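Accompanying notes for the structure given below.
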Amino acid sequence: MRTRLAAGIAVLVVLSQTVPASAAGPLKSVTNRYVGSAVAAQHLNAEADYKKVLTREFDSVTPENEMKWGVVEAVRGQYDWSGADEIVKYAKKTGKSVRGHTLVWHSQLPDWVDDLGAAELRDVVKNHIRTEAGRYRGKIRAWDVVNEAFNEDGTRRQTVFQEKLGDRYIADAFRWAHAADPKAKLYINDYNVEGLNPKSDAVYDLVKSLKRQGVPIHGVGIQAHLSLMYGFPAGVKENIARFAALGLDVAITEADVRIPLPVTPEKLEAQADYFEQVWDACHAVRRCVEFTTWGFTDRHSWVPDVFPGEGAACLFDENLRPKPAYARLNS
């Protein structure tokens with residue numbers, strides 16, 4: 001809580017650096033890519049100003065937590081679709097597409113899944129994918145089918161799925177998702193794969209192999225959780241281009257740029273540089289089809305709770321005022 005307060009104070013100090021919405025119009029109107037944001041159903045229901053800006057600026061939404069396994073089936077066989085249904089309903093009403101997030105992920109996973117033997121786990125994963133993707137069949141533009149499957153050195157992350165089901169679980173997950181929702185674009189999604197490095201090499205090798213096997217994989221999701229504490233990743237455009245050359249779509253799926261606190265005008269400009277570089281790299285490659293941020297306002301950013309001493313990572317501040325980064329994308 002102290003970190004959130006500090007982030008809020010820091011932003012207030014530099015309100016002179018926020019900018020009015022561009023005369024060019026909302027973000028969704030200045031590009032032919034999907035422009036999206038992660039969304040929480042509770043904020044849609046409770047905050048009219050949040051809903052207004054979301055509706056105005058974006059043409060795609062990603063449920064932040066509402067489609068994750070630990071939310072929809074915390075207790076085996078007992079489903080809670082309320083939040084996911086709310087977001088899908090909102091998207092239909094406002095003419096937005098939905099990015100489904102996520103079907104297979106080791107985190108935010110209910111404890112009961114860890115206790116299953118290999119054969120039962122395989123059946124349960126298959127049933128989970130068929131149940132969730134099937135429920136929203138025809139309503140989801142793209143699914144993050146498998147999320148965060150690799151370590152930084154390019155080795156497979158030793159999740160419950162990897163340990164008990166082996167390498168084949170990823171191909172199986174894509175086949176099951178395609179059977180459940182054949183019109184949806186299916187993605188593998190990960191962080192720290194923005195540039196050329198061992199982790200993005202591993203993703204590249206995997207999707208190349210999956211394509212050779214005829215697995216229905218359609219795209220690579222690049223999360224783009226960045227921080228001013230580190231240099232901008234090298235080779236982002238080249239990395240996007242090599243995935244596209246495999247016949248895949250590419251999406252920026254969770255973009256934000258963390259600022260070491262306190263916020264200053266100089267740091268806001270540096271943040272704008274990072275956002276602009278990712279935006280431009282995506283637009284340099286025809287098959288980079290989406291630019292989605294992980295939330296759009298610092299009011300509800302995940303960053304202060306996870307990265308103490310960092311914050312202000314979104315395009316809009318806590319009062320929903322656009323920052324220099326927004327102006328750069330909207331110029």
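Here, A, B, ... name the chains of the structure tokens in the order displayed, residue numbers run from 1 inside each chain, and ligands are numbered from 1 in the same displayed order.
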message: Applying 9 Å and only C-alpha atoms, which residues near Ala272 (chain A) remain after dropping the ones on its own chain fewer than 2 positions away? List them as number ranges by chain.
response: A: 257, 267-270, 274-277, 315, 323-329
Take the residues from that selection and write them out as a PDB file, in the first residue's frame, keeping C-alpha atoms.
ATOM      1  CA  VAL A 257       7.221   0.479 -18.887  1.00  0.00           C
ATOM      2  CA  LYS A 267      11.820   9.648 -16.707  1.00  0.00           C
ATOM      3  CA  LEU A 268       8.440  10.191 -18.336  1.00  0.00           C
ATOM      4  CA  GLU A 269      10.198  11.128 -21.560  1.00  0.00           C
ATOM      5  CA  ALA A 270      12.404   8.049 -21.312  1.00  0.00           C
ATOM      6  CA  TYR A 274      10.484   2.869 -24.761  1.00  0.00           C
ATOM      7  CA  PHE A 275       6.795   2.749 -25.638  1.00  0.00           C
ATOM      8  CA  GLU A 276       7.457   4.435 -28.975  1.00  0.00           C
ATOM      9  CA  GLN A 277      10.227   2.006 -29.888  1.00  0.00           C
ATOM     10  CA  LEU A 315      -0.016   5.325 -20.677  1.00  0.00           C
ATOM     11  CA  LYS A 323       1.273  10.904 -20.361  1.00  0.00           C
ATOM     12  CA  PRO A 324       3.970  11.798 -22.896  1.00  0.00           C
ATOM     13  CA  ALA A 325       4.055   8.129 -23.961  1.00  0.00           C
ATOM     14  CA  TYR A 326       0.436   8.375 -25.070  1.00  0.00           C
ATOM     15  CA  ALA A 327       1.208  11.466 -27.151  1.00  0.00           C
ATOM     16  CA  ARG A 328       4.112   9.692 -28.842  1.00  0.00           C
ATOM     17  CA  LEU A 329       1.904   6.792 -29.934  1.00  0.00           C
TER      18      LEU A 329
END
query: Can you tell me, as number ranges by chain, what residues are no more than 7 Å from Val39 (chain A) when counting only C-alpha atoms, ignoring any on the same chain fewer than 5 positions away?
result: A: 61-64, 295
Keeping only C-alpha atoms, write the selected residues as a PDB file, in the first residue's frame.
ATOM      1  CA  VAL A  61      -9.641  -6.065 -24.431  1.00  0.00           C
ATOM      2  CA  THR A  62      -7.840  -8.812 -22.515  1.00  0.00           C
ATOM      3  CA  PRO A  63      -9.323 -10.096 -19.253  1.00  0.00           C
ATOM      4  CA  GLU A  64      -6.596  -9.421 -16.701  1.00  0.00           C
ATOM      5  CA  GLY A 295      -3.764  -1.994 -18.142  1.00  0.00           C
TER       6      GLY A 295
END
- request: Skip Val207 (chain A) itself and residues of its chain fewer than 2 positions away, then list as an NGL selection string all residues within 12 Å of it, counting only C-alpha atoms.
  value: :A and (146 or 170-171 or 174 or 186-189 or 200-205 or 209-221 or 242-250)
- prompt: If you count only C-alpha atoms, which residues fall within 9 Å of Val193 (chain A), apart from same-chain ones fewer than 2 positions away, as a ChimeraX atom specification?
  reply: /A:152,190-191,195-201,203,221-224,233,236,239
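Picture a line from CA of Val263 (chain A) to CA of Asn65 (chain A); it runs 27.8 Å.
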task: Mind checking which residues fall within 6 Å of region 107-112 of chain A, counting only C-alpha atoms, ignoring those fewer than 2 positions away in the same chain, and posting them as a ChimeraX atom specification?
output: /A:69-70,74,105,114-115
Could you write out the selected residues, including all heavy atoms, as a PDB file, in the first residue's frame?
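Once written, part12.pdb looks like this:
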ATOM      1  N   TRP A  69      -7.118 -19.993 -14.899  1.00  0.00           N
ATOM      2  CA  TRP A  69      -7.630 -21.237 -14.340  1.00  0.00           C
ATOM      3  C   TRP A  69      -7.990 -21.077 -12.857  1.00  0.00           C
ATOM      4  O   TRP A  69      -9.029 -21.562 -12.394  1.00  0.00           O
ATOM      5  CB  TRP A  69      -6.585 -22.334 -14.524  1.00  0.00           C
ATOM      6  CG  TRP A  69      -7.109 -23.739 -14.417  1.00  0.00           C
ATOM      7  CD1 TRP A  69      -8.182 -24.178 -13.687  1.00  0.00           C
ATOM      8  CD2 TRP A  69      -6.579 -24.891 -15.073  1.00  0.00           C
ATOM      9  NE1 TRP A  69      -8.341 -25.537 -13.833  1.00  0.00           N
ATOM     10  CE2 TRP A  69      -7.366 -26.000 -14.687  1.00  0.00           C
ATOM     11  CE3 TRP A  69      -5.505 -25.101 -15.944  1.00  0.00           C
ATOM     12  CZ2 TRP A  69      -7.108 -27.299 -15.134  1.00  0.00           C
ATOM     13  CZ3 TRP A  69      -5.252 -26.387 -16.388  1.00  0.00           C
ATOM     14  CH2 TRP A  69      -6.042 -27.472 -15.988  1.00  0.00           C
ATOM     15  N   GLY A  70      -7.157 -20.395 -12.101  1.00  0.00           N
ATOM     16  CA  GLY A  70      -7.406 -20.236 -10.673  1.00  0.00           C
ATOM     17  C   GLY A  70      -8.644 -19.432 -10.354  1.00  0.00           C
ATOM     18  O   GLY A  70      -9.162 -19.498  -9.233  1.00  0.00           O
ATOM     19  N   ALA A  74     -11.398 -22.618  -9.387  1.00  0.00           N
ATOM     20  CA  ALA A  74     -10.584 -22.719  -8.182  1.00  0.00           C
ATOM     21  C   ALA A  74     -10.821 -24.045  -7.463  1.00  0.00           C
ATOM     22  O   ALA A  74      -9.909 -24.643  -6.890  1.00  0.00           O
ATOM     23  CB  ALA A  74     -10.878 -21.552  -7.249  1.00  0.00           C
ATOM     24  N   TRP A 105      -1.147 -22.148 -17.975  1.00  0.00           N
ATOM     25  CA  TRP A 105      -0.122 -21.328 -17.317  1.00  0.00           C
ATOM     26  C   TRP A 105       0.139 -21.913 -15.939  1.00  0.00           C
ATOM     27  O   TRP A 105      -0.806 -22.285 -15.226  1.00  0.00           O
ATOM     28  CB  TRP A 105      -0.607 -19.876 -17.198  1.00  0.00           C
ATOM     29  CG  TRP A 105       0.402 -18.898 -16.692  1.00  0.00           C
ATOM     30  CD1 TRP A 105       1.754 -18.921 -16.884  1.00  0.00           C
ATOM     31  CD2 TRP A 105       0.127 -17.723 -15.909  1.00  0.00           C
ATOM     32  NE1 TRP A 105       2.347 -17.837 -16.281  1.00  0.00           N
ATOM     33  CE2 TRP A 105       1.362 -17.086 -15.673  1.00  0.00           C
ATOM     34  CE3 TRP A 105      -1.034 -17.164 -15.394  1.00  0.00           C
ATOM     35  CZ2 TRP A 105       1.474 -15.910 -14.942  1.00  0.00           C
ATOM     36  CZ3 TRP A 105      -0.928 -15.991 -14.668  1.00  0.00           C
ATOM     37  CH2 TRP A 105       0.312 -15.364 -14.450  1.00  0.00           C
ATOM     38  N   ASP A 114      -1.958 -29.456  -9.152  1.00  0.00           N
ATOM     39  CA  ASP A 114      -0.614 -29.962  -8.858  1.00  0.00           C
ATOM     40  C   ASP A 114      -0.625 -31.385  -8.325  1.00  0.00           C
ATOM     41  O   ASP A 114       0.379 -32.095  -8.419  1.00  0.00           O
ATOM     42  CB  ASP A 114       0.077 -29.061  -7.828  1.00  0.00           C
ATOM     43  CG  ASP A 114       0.503 -27.724  -8.416  1.00  0.00           C
ATOM     44  OD1 ASP A 114       0.901 -27.706  -9.598  1.00  0.00           O
ATOM     45  OD2 ASP A 114       0.433 -26.709  -7.707  1.00  0.00           O
ATOM     46  N   ASP A 115      -1.726 -31.793  -7.744  1.00  0.00           N
ATOM     47  CA  ASP A 115      -1.788 -33.093  -7.073  1.00  0.00           C
ATOM     48  C   ASP A 115      -2.133 -34.252  -8.006  1.00  0.00           C
ATOM     49  O   ASP A 115      -2.167 -35.404  -7.573  1.00  0.00           O
ATOM     50  CB  ASP A 115      -2.827 -33.037  -5.938  1.00  0.00           C
ATOM     51  CG  ASP A 115      -2.466 -32.005  -4.877  1.00  0.00           C
ATOM     52  OD1 ASP A 115      -1.264 -31.749  -4.695  1.00  0.00           O
ATOM     53  OD2 ASP A 115      -3.390 -31.452  -4.260  1.00  0.00           O
TER      54      ASP A 115
END
- prompt: Restricting the calculation to only C-alpha atoms, which member of A:Leu206, A:Tyr136, A:Gln271, A:Gly117 is positioned closest to Asp167 (chain A)?
  reply: A:Leu206
field: Atom pair CA of Arg258 (chain A) / CA of Gly311 (chain A): separation (Å)
entry: 5.4 Å
- prompt: Where does DSSP see strand (DSSP E or B) in region 119-220 of chain A, if you list the residues as a list in words?
  reply: Ala142, Trp143, Asp144, Val145, Val146, Asn147, Phe150, Arg156, Lys185, Leu186, Tyr187, Ile188, Asn189, Asp190, Gly219 and Val220 of chain A
Save out the residues we just selected, N, CA and C atoms, as a compact mmCIF listing (two decimals), in the first residue's frame.
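part.txt, written as the output of this step:
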# COMPACT_ATOMS: atom_id res chain seq x y z
N ALA A 142 -8.38 -14.01 -30.37
CA ALA A 142 -7.10 -14.70 -30.20
C ALA A 142 -6.99 -15.24 -28.78
N TRP A 143 -6.38 -16.41 -28.64
CA TRP A 143 -6.13 -17.00 -27.33
C TRP A 143 -4.63 -17.08 -27.06
N ASP A 144 -4.21 -16.70 -25.85
CA ASP A 144 -2.90 -17.08 -25.36
C ASP A 144 -3.06 -18.50 -24.82
N VAL A 145 -2.70 -19.47 -25.65
CA VAL A 145 -2.95 -20.87 -25.30
C VAL A 145 -1.98 -21.34 -24.23
N VAL A 146 -0.69 -21.14 -24.45
CA VAL A 146 0.34 -21.51 -23.48
C VAL A 146 1.12 -20.26 -23.12
N ASN A 147 1.28 -20.04 -21.83
CA ASN A 147 1.89 -18.81 -21.32
C ASN A 147 3.14 -19.13 -20.51
N PHE A 150 9.09 -20.94 -20.95
CA PHE A 150 10.55 -21.03 -21.01
C PHE A 150 11.24 -20.26 -19.90
N ARG A 156 13.21 -25.36 -21.08
CA ARG A 156 11.80 -25.44 -20.71
C ARG A 156 11.63 -25.18 -19.22
N LYS A 185 -7.44 -17.23 -33.37
CA LYS A 185 -6.00 -17.28 -33.58
C LYS A 185 -5.34 -17.74 -32.28
N LEU A 186 -4.42 -18.67 -32.40
CA LEU A 186 -3.82 -19.31 -31.23
C LEU A 186 -2.36 -18.91 -31.09
N TYR A 187 -2.00 -18.41 -29.90
CA TYR A 187 -0.67 -17.86 -29.64
C TYR A 187 0.04 -18.58 -28.50
N ILE A 188 1.37 -18.60 -28.59
CA ILE A 188 2.20 -18.83 -27.42
C ILE A 188 2.67 -17.47 -26.95
N ASN A 189 2.74 -17.27 -25.64
CA ASN A 189 2.96 -15.93 -25.08
C ASN A 189 4.06 -16.00 -24.02
N ASP A 190 4.96 -14.98 -23.99
CA ASP A 190 6.01 -15.01 -22.98
C ASP A 190 6.58 -13.61 -22.77
N GLY A 219 0.37 -17.60 -33.92
CA GLY A 219 1.06 -16.38 -33.55
C GLY A 219 1.92 -16.50 -32.32
N VAL A 220 2.77 -15.48 -32.13
CA VAL A 220 3.64 -15.36 -30.97
C VAL A 220 3.28 -14.07 -30.25
- request: Show which residues sit within 10 Å of Lys183 (chain A), as a ChimeraX atom specification. Count only C-alpha atoms, and ignore same-chain residues fewer than 3 positions away.
  value: /A:137-142,178-180,186
Those same residues, written as a tab-separated table (two decimals), in the first residue's frame with C-alpha atoms?
chain	number	residue	atom	x	y	z
A	137	ARG	CA	-16.31	-20.28	-29.19
A	138	GLY	CA	-16.64	-17.63	-31.88
A	139	LYS	CA	-16.34	-14.77	-29.37
A	140	ILE	CA	-12.56	-14.66	-28.92
A	141	ARG	CA	-10.29	-13.19	-31.61
A	142	ALA	CA	-7.10	-14.70	-30.20
A	178	HIS	CA	-8.24	-25.35	-32.09
A	179	ALA	CA	-10.81	-28.13	-31.82
A	180	ALA	CA	-12.75	-26.12	-29.25
A	186	LEU	CA	-3.82	-19.31	-31.23
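With only C-alpha atoms as the atoms that count, the residue of A:Val98, A:Cys288, A:Ala234, A:Ala173 with the shortest distance to Arg122 (chain A) is A:Ala173.
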- prompt: How many Å separate CA of Glu57 (chain A) from CA of Ser331 (chain A)?
  reply: 14.1 Å
query: Which of these residues is nearest to Ala284 (chain A), using only C-alpha atoms: A:Asp59, A:Glu238, A:Asp49, A:Asp317?
result: A:Glu238
Secondary structure check, helix (DSSP H, G or I) residues of region 148-321 of chain A, as a PyMOL selection string: chain A and resi 160-165+168-180+198-212+236-244+265-283+298-300+303-306
